[in-house]
Amino acid sequence: MKGKPKLALVYDPRYNSDLSVLGIKVPFALDRGQRVLDELAAKNGTPVRYCRPKPLTKSDLLFVHTEQYLKSLKLPATWQAIFGLAKAPEMNDATRKAIRKLLSEIRLKSGGTLHAARAALKCGLAANLGAGYHHAFADHGEGYCSINDIAIAIRKLRAEGLCRKVMIVDVDLHQGNGNAAIFRDDPDVFTFDIHSQEAYPQKKEKSSLDVSITNEERHLYQERLEAGLIQALASFTPDLVFFVQGSDPYLKDTAVGFYLLRLTLEQLKKRDRFVIDTCLNRDIPVALVFAGGYGPDVWRVHYNAVQHMVDVQK
Ligand SMILES: [Zn+2]
C-alpha cells in the first residue's frame with residue numbers, strides 16, 4: 001500500500017442476531033456494529049456506506065478447521081461447550097433450526113473478516129463491524145468462538161497469493177489462544193498479544209510475542225503495548241495487520257468475571273490509535289475486527305477506533 005489509505009466498512013444487519021434461543025445468556029453487544037454506524041452518521045452528517053459480506057463456504061472453513069469438528073457443530077453439546085452452557089439444549093427441530101441459523105450468521109460475520117482483509121490489502125484500511133473469534137482452534141471451539149474467521153482469512157488470502165506475511169495484533173482482554181495455537185509453527189504469521197494475565201484462558205498458548213498484564217500492572221498498559229508492538233514490527237515486516245480490537249478491557253464492560261484491567265475510554269482510544277497509526281506510518285494495511293466486548297457501552301470503544309480510521313483517510 002502506498003499513498004493515503006481509503007477505508008472500507010463491512011457489515012450486515014444480520015450481525016445483530018438473537019442468541020437467547022439456545023439458552024445463551026452472555027450479554028453480547030451484538031448491536032454494536034449498528035451503533036457504530038449510527039454514531040458515525042450522526043457525527044459525520046451523512047449515512048455511512050458499508051459493504052455486505054458473503055458467508056464463508058464449507059471449503060473456506062476447511063482452510064483451518066478439521067472435518068470432524070465441523071461435523072460436530074451440528075450437535076447441541078458442541079455449542080454447550082463453546083458457550084459454557086450449564087446443560088446442552090435438547091435436540092429437537094427448534095434446536096436444529098436455531099443451530100443452523102446461528103452457524104449461518106457466524107459464517108456471514110466471518111465472511112466479513114475475509115472481505116475486510118481483501119479491502120485492506122487493496123485500499124489500506126478496513127473494519128469488519130463484528131467477528132474476531134480468536135479462541136477457536138482447528139479442532140474445537142471455546143470462549144464463545146466457533147469459527148476462527150481471522151485464521152481462515154489469512155490462510156485463504158495466502159493461498160490466493162494476495163499476501164505472505166501477516167501479523168495479528170490482538171488487544172482483547174483475553175489471549176487469542178486459538179490463533180496462537182493455529183499459527184505456532186508458521187514463520188509467516190506473527191501473533192502479538194497483549195492481554196490480562198488473570199483472565200481466561202487459564203492455560204495460555206504461546207504467541208510469537210505475549211505481553212501479559214497483571215491487574216496490578218494496568219497503569220503500565222499503554223507503555224507495554226507500545227514497546228511490544230514496536231518490538232514486534234522490528235522483527236517482522238507484515239504485508240497485512242489484523243487488528244483484533246477487543247473492547248472488553250473497558251471499565252464499563254459488563255460480562256461477569258471480566259472485571260480486569262478496567263481501562264477508561266480515553267485509554268482505549270489511545271491504545272487503538274497507536275496500533276492504527278503505527279501500522280499506517282509503516283505503510284502496512286490494517287484490517288480491524290471487533291472481538292470481545294459485552295454490555296450496552298462497549299460500542300463506544302469500537303466507535304472511537306473506526307472514527308479514527310475515518311479521520312486518517314481524509
Ligand atoms: Zn475477550
# chains A, B, ... in the order shown; residues from 1 in each chain; ligands from 1
$ residues_around --residues "Thr264 (chain A)" --least-positions-apart "5" --cutoff "10 Å" --atoms "only C-alpha atoms" --output "ChimeraX atom specification"
/A:249-252,269-270,301
$ write_last_selection --atoms "C-alpha atoms" --output "mmCIF file, in the first residue's frame"
data_model
loop_
_atom_site.group_PDB
_atom_site.id
_atom_site.type_symbol
_atom_site.label_atom_id
_atom_site.label_comp_id
_atom_site.auth_asym_id
_atom_site.auth_seq_id
_atom_site.Cartn_x
_atom_site.Cartn_y
_atom_site.Cartn_z
ATOM 1 C CA PRO A 249 -10.695 -4.298 28.867
ATOM 2 C CA TYR A 250 -13.127 -1.315 29.120
ATOM 3 C CA LEU A 251 -14.240 -0.392 32.625
ATOM 4 C CA LYS A 252 -17.895 -0.421 31.515
ATOM 5 C CA LYS A 269 -8.760 5.386 22.363
ATOM 6 C CA LYS A 270 -5.045 5.965 22.827
ATOM 7 C CA VAL A 301 -14.656 1.749 22.209
#
$ residues_near_ligand --ligand "ligand 1" --cutoff "7 Å" --atoms "only C-alpha atoms and all ligand atoms" --output "ChimeraX atom specification"
/A:172-174,246,248,291-293
$ residues_around --residues "Arg218 (chain A)" --least-positions-apart "3" --cutoff "10 Å" --atoms "only C-alpha atoms" --output "list in words"
Ser196, Ile213, Thr214, Asn215, Tyr221, Gln222, Glu223, Arg224, Leu260, Leu261, Arg262 and Leu263 of chain A
$ write_last_selection --atoms "C-alpha atoms" --output "compact mmCIF listing (two decimals), in the first residue's frame"
# COMPACT_ATOMS: atom_id res chain seq x y z
CA SER A 196 -4.90 -9.79 31.12
CA ILE A 213 -0.51 -7.69 32.13
CA THR A 214 -1.49 -8.37 35.73
CA ASN A 215 -4.20 -6.23 37.25
CA TYR A 221 -0.72 -0.92 29.81
CA GLN A 222 -0.02 1.72 27.16
CA GLU A 223 3.72 1.70 27.77
CA ARG A 224 3.89 -2.07 27.40
CA LEU A 260 -9.90 -6.91 34.94
CA LEU A 261 -7.76 -4.11 33.50
CA ARG A 262 -10.80 -1.75 33.54
CA LEU A 263 -9.28 0.81 31.20
$ select_by_dssp --residues "region 45-188 of chain A" --states "strand (DSSP E or B)" --output "list of chain:residue names"
A:Cys51, A:Gly124, A:Leu125, A:Ala126, A:Ala127, A:Asn128, A:Glu142, A:Cys145, A:Val166, A:Met167, A:Ile168, A:Val169, A:Asp170
$ closest_residue --among "A:Asp272, A:Arg49, A:Pro13, A:Gly141" --to "Ser72 (chain A)" --atoms "only C-alpha atoms"
A:Gly141
$ select_by_dssp --residues "region 29-231 of chain A" --states "helix (DSSP H, G or I)" --output "VMD selection string"
chain A and resid 32 to 44 58 to 61 67 to 72 76 to 83 93 to 123 149 to 159 177 to 182 215 to 231
$ residues_around --residues "region 114-126 of chain A" --least-positions-apart "4" --cutoff "7 Å" --atoms "only C-alpha atoms" --output "short mmCIF file (atom, residue, chain, number, x, y, z; two decimals) with N, CA and C atoms, in the first residue's frame"
data_model
loop_
_atom_site.label_atom_id
_atom_site.label_comp_id
_atom_site.auth_asym_id
_atom_site.auth_seq_id
_atom_site.Cartn_x
_atom_site.Cartn_y
_atom_site.Cartn_z
N MET A 1 0.83 -1.19 0.00
CA MET A 1 0.00 0.00 0.00
C MET A 1 0.86 1.25 0.00
N PRO A 5 -4.48 5.97 2.70
CA PRO A 5 -5.38 4.81 2.74
C PRO A 5 -6.84 5.23 2.56
N LYS A 6 -7.64 4.29 2.10
CA LYS A 6 -9.08 4.51 1.99
C LYS A 6 -9.76 3.43 2.83
N LEU A 7 -10.80 3.82 3.53
CA LEU A 7 -11.41 2.89 4.49
C LEU A 7 -12.63 2.18 3.89
N ALA A 8 -12.70 0.87 4.10
CA ALA A 8 -13.90 0.09 3.75
C ALA A 8 -14.51 -0.45 5.04
N LEU A 9 -15.81 -0.26 5.21
CA LEU A 9 -16.51 -0.84 6.36
C LEU A 9 -17.32 -2.03 5.88
N VAL A 10 -17.32 -3.08 6.68
CA VAL A 10 -18.03 -4.31 6.30
C VAL A 10 -19.03 -4.63 7.40
N PRO A 53 -20.91 -8.55 3.37
CA PRO A 53 -20.06 -9.70 3.03
C PRO A 53 -20.86 -10.91 2.57
N SER A 110 -17.95 -14.05 9.72
CA SER A 110 -16.58 -14.49 9.41
C SER A 110 -16.22 -14.13 7.97
N ALA A 153 -9.21 -16.31 7.05
CA ALA A 153 -8.90 -15.23 6.09
C ALA A 153 -7.41 -15.25 5.76
N LEU A 240 0.23 -7.36 5.93
CA LEU A 240 -1.11 -7.03 6.43
C LEU A 240 -1.13 -7.22 7.95
N PRO A 285 -1.13 -2.23 5.57
CA PRO A 285 -2.60 -2.22 5.61
C PRO A 285 -3.14 -2.83 6.92
N VAL A 286 -4.26 -2.30 7.38
CA VAL A 286 -4.86 -2.76 8.64
C VAL A 286 -6.29 -3.23 8.39
N ALA A 287 -6.59 -4.45 8.80
CA ALA A 287 -7.96 -4.96 8.80
C ALA A 287 -8.37 -5.14 10.26
N LEU A 288 -9.36 -4.36 10.70
CA LEU A 288 -9.80 -4.40 12.10
C LEU A 288 -11.02 -5.32 12.23
#
$ closest_residue --among "A:Ala42, A:Leu220, A:Ala151, A:Leu37" --to "Phe190 (chain A)" --atoms "only C-alpha atoms"
A:Ala151
$ closest_residue --among "A:Asp297, A:Asp18, A:Asp170, A:Asp38" --to "Ile99 (chain A)" --atoms "only C-alpha atoms"
A:Asp18
$ atom_distance --atom1 "CA of Arg273 (chain A)" --atom2 "CA of Arg155 (chain A)"
27.1 Å
$ closest_residue --among "A:Glu90, A:Gly130, A:Asn148, A:Lys156" --to "Phe63 (chain A)" --atoms "only C-alpha atoms"
A:Lys156
$ residues_around --residues "Arg300 (chain A)" --least-positions-apart "4" --cutoff "8 Å" --atoms "only C-alpha atoms" --output "ChimeraX atom specification"
/A:36,265,304
$ atom_distance --atom1 "CA of Leu62 (chain A)" --atom2 "CA of Leu157 (chain A)"
13.7 Å
$ residues_around --residues "Thr278 (chain A)" --least-positions-apart "6" --cutoff "12 Å" --atoms "only C-alpha atoms" --output "PyMOL selection string"
chain A and resi 169+225-234+241+243+270-272+284-286
$ closest_residue --among "A:Asp12, A:Pro238, A:Ser208, A:Ile24" --to "Gly84 (chain A)" --atoms "only C-alpha atoms"
A:Ile24
$ residues_around --residues "Leu209 (chain A)" --least-positions-apart "4" --cutoff "7 Å" --atoms "only C-alpha atoms" --output "number ranges by chain"
A: 191-193
$ write_last_selection --atoms "C-alpha atoms" --output "CSV table (one decimal), in the first residue's frame"
chain,number,residue,atom,x,y,z
A,191,THR,CA,1.0,-13.2,16.7
A,192,PHE,CA,1.3,-10.2,19.0
A,193,ASP,CA,-1.0,-10.5,22.0
$ closest_residue --among "A:Lys25, A:Lys4, A:Arg107, A:His135" --to "Gly295 (chain A)" --atoms "only C-alpha atoms"
A:Lys25
$ atom_distance --atom1 "CA of Met91 (chain A)" --atom2 "CA of Thr66 (chain A)"
23.2 Å
